[in-house]
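Chemist: The following block contains the structure, expressed as structure tokens.
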Amino acid sequence: MIQEIENSRIPKGRIDLIGFGRLGLRVGIHLIQVHRGGPKEIGVFDGQKIDGGDIIFTMKGAKVGEYKSDFLNKLCTHDESFRKIISVCEDITPDNLDLIKGDVVAIQIAGGNTIPIAAKIIKHAQKRGAKTISTAGIFGFGDETVEVRDISEFEDNPAVDELRKEGITENHLIVTTNKLLRDKEPITPYTLDEVAKQITKTSLKLLKDSYD
């Protein structure tokens, strides 16, 4: 009986990570370590290459000039029959949304106004029946409470308000410290660690709900 239960707890489905910077790498590392479940496939989407400022990448052994999205392949030593990394060395744009195949789509893009493309990704993923999660302000020193709630439950978060203006008003999860650029606080490794934990746990729960 125990053996049958263990045999049933195998990786299933796919989680896509849209954006693979300092936060995305942390989530990816967590996901490849999941045992007795978790995703069968992890899609990684990022068109940027590693530079000298990407300290967490170089600390883990990455070389400057490599594509960020390819690096998770190097870290994941599983046999592909157990867990496969699908690396896409492109940024997601309105023209390549069909590359997104995940049952769960986690968006960690940053830099500039990312709201319009995030909204397009969410709409496309949800049209396919996928569950979606993204960030909306993850600044802070590291002792902030990291919240995970549906977008419909937030107040006084400009990033959430902008996403709502794009038509994302419900059935989309937001991860945030409720600290934004306006608060003039840094983004520390401690904050990124906690946010990554919440994205990982939430994505795994969403994936499990899709298959159990």
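Chain identifiers are assigned as A, B, and so on, following the order in which chains appear in the structure tokens; residues are numbered from 1 within each chain, and ligands are numbered from 1 in order of appearance.
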Env of Leu72 (chain A): 9 Å cut, atoms = only C-alpha atoms, seq-sep filter 2 positions within chain, self excluded. Answer as a PyMOL selection string.

Modeler: chain A and resi 25+28-29+32+44+68-70+74-76+85+87

Chemist: Region 12-138 of chain A: which residues are strand (DSSP E or B) by DSSP, as a list of chain:residue names?

Modeler: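 The strand (DSSP E or B) residues within region 12-138 of chain A come out as A:Arg14, A:Ile15, A:Asp16, A:Leu17, A:Ile18, A:Glu41, A:Ile42, A:Gly43, A:Val44, A:Phe45, A:Lys49, A:Tyr67, A:Lys84, A:Ile85, A:Ile86, A:Ser87, A:Val88, A:Val104, A:Val105, A:Ala106, A:Ile107, A:Lys131, A:Thr132, A:Ile133, A:Ser134, A:Thr135.
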
Chemist: From the set A:Thr93, A:Gln108, A:Gln126, A:Thr135, which residue has the shortest atom-to-atom contact distance to Arg26 (chain A), counting only C-alpha atoms?

Modeler: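 Of A:Thr93, A:Gln108, A:Gln126, A:Thr135, the one nearest Arg26 (chain A) is A:Gln108, counting only C-alpha atoms.
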
Chemist: CA of Ile138 (chain A) to CA of Thr176 (chain A): how many Å, to one decimal?

Modeler: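 Atom-to-atom, CA of Ile138 (chain A) to CA of Thr176 (chain A), that is 5.3 Å.
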
Chemist: Can you tell me, as a ChimeraX atom specification, which residues in chain A count as helix (DSSP H, G or I) by DSSP?

Modeler: /A:2-8,22-32,55-59,68-75,97-99,115-127,151-153,158-165,181-183,189-211

Chemist: Excluding Tyr211 (chain A) and residues on its chain fewer than 2 positions from it, collect all residues at most 10 Å away from it, counting only C-alpha atoms, and give them as a list in words.

Modeler: Lys12, Gly13, Asp103, Leu206, Leu207, Lys208 and Asp209 of chain A

Chemist: What's around Arg22 (chain A) at 8 Å? Count only C-alpha atoms, leave out sequence neighbours fewer than 4 positions away in its own chain, and write the answer as a PDB file with N, CA and C atoms, in the first residue's frame.

Modeler:
ATOM      1  N   ARG A  26      16.141  31.745  -8.005  1.00  0.00           N
ATOM      2  CA  ARG A  26      15.838  31.178  -6.687  1.00  0.00           C
ATOM      3  C   ARG A  26      14.659  30.221  -6.762  1.00  0.00           C
ATOM      4  N   ASP A  54      25.172  39.924 -11.884  1.00  0.00           N
ATOM      5  CA  ASP A  54      24.275  38.822 -11.527  1.00  0.00           C
ATOM      6  C   ASP A  54      24.980  37.888 -10.537  1.00  0.00           C
ATOM      7  N   ILE A  56      24.218  36.171  -7.813  1.00  0.00           N
ATOM      8  CA  ILE A  56      23.734  34.846  -7.414  1.00  0.00           C
ATOM      9  C   ILE A  56      24.024  33.808  -8.496  1.00  0.00           C
ATOM     10  N   PHE A  57      24.018  34.227  -9.753  1.00  0.00           N
ATOM     11  CA  PHE A  57      24.361  33.296 -10.835  1.00  0.00           C
ATOM     12  C   PHE A  57      25.832  32.901 -10.760  1.00  0.00           C
ATOM     13  N   LEU A 192      14.296  38.538  -1.373  1.00  0.00           N
ATOM     14  CA  LEU A 192      14.163  37.654  -2.529  1.00  0.00           C
ATOM     15  C   LEU A 192      14.014  36.197  -2.098  1.00  0.00           C
TER      16      LEU A 192
END

Chemist: Residues at most 8 Å from Ile122 (chain A), counting only C-alpha atoms, excluding those fewer than 4 positions away in the same chain, as a PyMOL selection string?

Modeler: chain A and resi 105+118+126+132+168+172

Chemist: Keeping only N, CA, C and O atoms, write the selected residues as a compact mmCIF listing (two decimals), in the first residue's frame.

Modeler:
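File written: selection09.txt
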# COMPACT_ATOMS: atom_id res chain seq x y z
N VAL A 105 1.82 29.34 -14.45
CA VAL A 105 2.71 30.34 -15.05
C VAL A 105 3.06 31.36 -13.98
O VAL A 105 2.18 32.07 -13.47
N ALA A 118 2.94 41.68 -18.81
CA ALA A 118 2.48 40.74 -17.78
C ALA A 118 0.99 40.45 -17.96
O ALA A 118 0.55 39.30 -17.85
N GLN A 126 -4.38 32.09 -18.89
CA GLN A 126 -5.69 31.75 -18.34
C GLN A 126 -6.64 31.26 -19.44
O GLN A 126 -7.49 30.40 -19.18
N THR A 132 -2.15 31.37 -12.69
CA THR A 132 -1.13 32.39 -12.84
C THR A 132 -0.80 33.07 -11.52
O THR A 132 -1.65 33.22 -10.65
N ILE A 168 -6.95 42.66 -15.56
CA ILE A 168 -6.73 41.52 -14.67
C ILE A 168 -7.33 41.89 -13.32
O ILE A 168 -6.72 42.62 -12.53
N HIS A 172 -6.21 35.73 -10.23
CA HIS A 172 -4.77 35.83 -10.46
C HIS A 172 -4.11 36.15 -9.12
O HIS A 172 -4.53 37.08 -8.42

Chemist: If you count only C-alpha atoms, which residues fall within 9 Å of Phe45 (chain A), apart from same-chain ones fewer than 6 positions away, as a ChimeraX atom specification?

Modeler: /A:16-20,68-69,86-92,100

Chemist: I'd like the contact shell of Lys40 (chain A) - 9 Å cut-off, only C-alpha atoms, skipping same-chain residues fewer than 6 positions apart - returned as a PDB file with C-alpha atoms, in the first residue's frame.

Modeler:
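around_28.pdb, written as the output of this step:
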ATOM      1  CA  ILE A  10       5.721  11.330  -9.298  1.00  0.00           C
ATOM      2  CA  PRO A  11       6.340  14.648 -11.073  1.00  0.00           C
ATOM      3  CA  LYS A  12       3.418  15.815 -13.193  1.00  0.00           C
ATOM      4  CA  GLY A  13       2.644  18.794 -15.360  1.00  0.00           C
ATOM      5  CA  ARG A  14       4.621  21.899 -16.089  1.00  0.00           C
ATOM      6  CA  ILE A  15       5.480  25.162 -14.369  1.00  0.00           C
ATOM      7  CA  GLU A  80      14.994  14.125 -18.149  1.00  0.00           C
ATOM      8  CA  SER A  81      12.567  11.259 -17.633  1.00  0.00           C
ATOM      9  CA  PHE A  82      12.112  12.558 -14.076  1.00  0.00           C
ATOM     10  CA  ARG A  83      12.323  16.334 -14.544  1.00  0.00           C
ATOM     11  CA  LYS A  84      13.055  18.227 -17.746  1.00  0.00           C
ATOM     12  CA  ILE A  85      14.142  21.858 -18.077  1.00  0.00           C
TER      13      ILE A  85
END

Chemist: Rank A:Asp161, A:Glu153, A:Glu41, A:Asp46 by their smallest atom-to-atom distance to Tyr67 (chain A), using only C-alpha atoms, and report the top residue only.

Modeler: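 Between A:Asp161, A:Glu153, A:Glu41, A:Asp46, the residue approaching Tyr67 (chain A) most closely is A:Asp46.
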
Chemist: Which value, in Å to one decimal, gives the distance between CA of Ala110 (chain A) and CA of Gly38 (chain A)?

Modeler: 25.7 Å
